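**Q** I'd like to ask some things about the structure below.
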Amino acid sequence: MKSSKTPQLLLPHSLVSGGILAEVANYKFNLAVLIHRQKKIWERLGLPVNKSSLVRSVISLSETYLEPLVNL
């Protein structure tokens with residue numbers, strides 16, 4: 001029996017998965033859904049989140065992946 005490697009996290013030491021980060025960024029940048037509204041959406045889906053955690057995740061995601069692209 002072989003096991004596969006664990007997928008690399010987008011943000012190391014973060015509890016937020018890549019899929020959730022993608023949805024948060026999509027809601028924020030493409031659909032213009034404010035973070036406090038996203039918090040309510042995630043809670044309705046059964047995922048209790050902290051507003052500041054979502055904000056930190058979006059900031060970290062931008063600094064890690066978008067800022068280097070802008071600098072190029």
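As shown in the structure tokens, the chain order sets the letters A, B, ...; within each chain, residues go from 1, and ligands are also counted from 1 in the order they appear.
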Write out as a PyMOL selection string all residues of chain A that backbone DSSP assigns to alpha helix (DSSP H).
**A** chain A and resi 18-25+35-44+51-61+67-71
**Q** Hey, what's within 10 Å of stretch 40-53 of chain A if we count only C-alpha atoms and toss same-chain stuff fewer than 3 positions away? As number ranges by chain, please?
**A** A: 14-16, 20, 24, 35-37, 56-59
**Q** Can I get the selected residues back with N, CA and C atoms, as a JSON list (two decimals), in the first residue's frame?
**A**
```
[["chain", "number", "residue", "atom", "x", "y", "z"],
["A", 14, "SER", "N", -1.01, 27.69, 9.04],
["A", 14, "SER", "CA", -2.37, 28.22, 9.04],
["A", 14, "SER", "C", -3.35, 27.06, 9.13],
["A", 15, "LEU", "N", -4.46, 27.29, 9.82],
["A", 15, "LEU", "CA", -5.49, 26.27, 9.91],
["A", 15, "LEU", "C", -6.46, 26.33, 8.74],
["A", 16, "VAL", "N", -6.33, 27.35, 7.90],
["A", 16, "VAL", "CA", -7.24, 27.55, 6.79],
["A", 16, "VAL", "C", -6.73, 26.77, 5.57],
["A", 20, "ILE", "N", -10.66, 26.91, 1.14],
["A", 20, "ILE", "CA", -11.36, 27.98, 1.86],
["A", 20, "ILE", "C", -10.70, 29.33, 1.56],
["A", 24, "VAL", "N", -12.59, 32.57, 0.06],
["A", 24, "VAL", "CA", -12.55, 33.86, 0.76],
["A", 24, "VAL", "C", -12.03, 34.94, -0.20],
["A", 35, "ILE", "N", -15.82, 41.17, 4.59],
["A", 35, "ILE", "CA", -15.37, 40.09, 5.47],
["A", 35, "ILE", "C", -16.41, 39.77, 6.55],
["A", 36, "HIS", "N", -17.06, 40.78, 7.13],
["A", 36, "HIS", "CA", -18.04, 40.48, 8.17],
["A", 36, "HIS", "C", -19.24, 39.72, 7.59],
["A", 37, "ARG", "N", -19.55, 39.94, 6.31],
["A", 37, "ARG", "CA", -20.62, 39.16, 5.67],
["A", 37, "ARG", "C", -20.15, 37.74, 5.37],
["A", 56, "ARG", "N", -6.56, 38.32, 8.45],
["A", 56, "ARG", "CA", -5.14, 37.96, 8.44],
["A", 56, "ARG", "C", -4.81, 37.00, 7.30],
["A", 57, "SER", "N", -5.71, 36.08, 7.03],
["A", 57, "SER", "CA", -5.48, 35.12, 5.95],
["A", 57, "SER", "C", -5.44, 35.81, 4.59],
["A", 58, "VAL", "N", -6.35, 36.75, 4.37],
["A", 58, "VAL", "CA", -6.36, 37.48, 3.10],
["A", 58, "VAL", "C", -5.10, 38.32, 2.96],
["A", 59, "ILE", "N", -4.68, 38.96, 4.03],
["A", 59, "ILE", "CA", -3.46, 39.78, 4.00],
["A", 59, "ILE", "C", -2.24, 38.90, 3.74]]
```
**Q** Tell me, as a PyMOL selection string, which residues lie within 12 Å of A:Ala22, counting only C-alpha atoms; anything in the same chain fewer than 2 positions away does not count.
**A** chain A and resi 10-11+16-20+24-30+54+57-58+61-62
**Q** I'd like the interatomic distance between atom CA of A:Glu63 and atom CA of A:Thr6, to a tenth of an Å.
**A**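 Answer for the atom CA of A:Glu63 to atom CA of A:Thr6 separation: 23.8 Å.
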**Q** What gap, in Å, lies between atom CA of A:Ser3 and atom CA of A:Glu23?
**A**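 Atom CA of A:Ser3 sits 28.0 Å away from atom CA of A:Glu23.
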**Q** Quick one: of A:Pro68, A:Ser60, A:Val55, A:His13, who's nearest to A:Gln38, counting only C-alpha atoms?
**A**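 Comparing A:Pro68, A:Ser60, A:Val55, A:His13 against A:Gln38, the winner is A:Val55.
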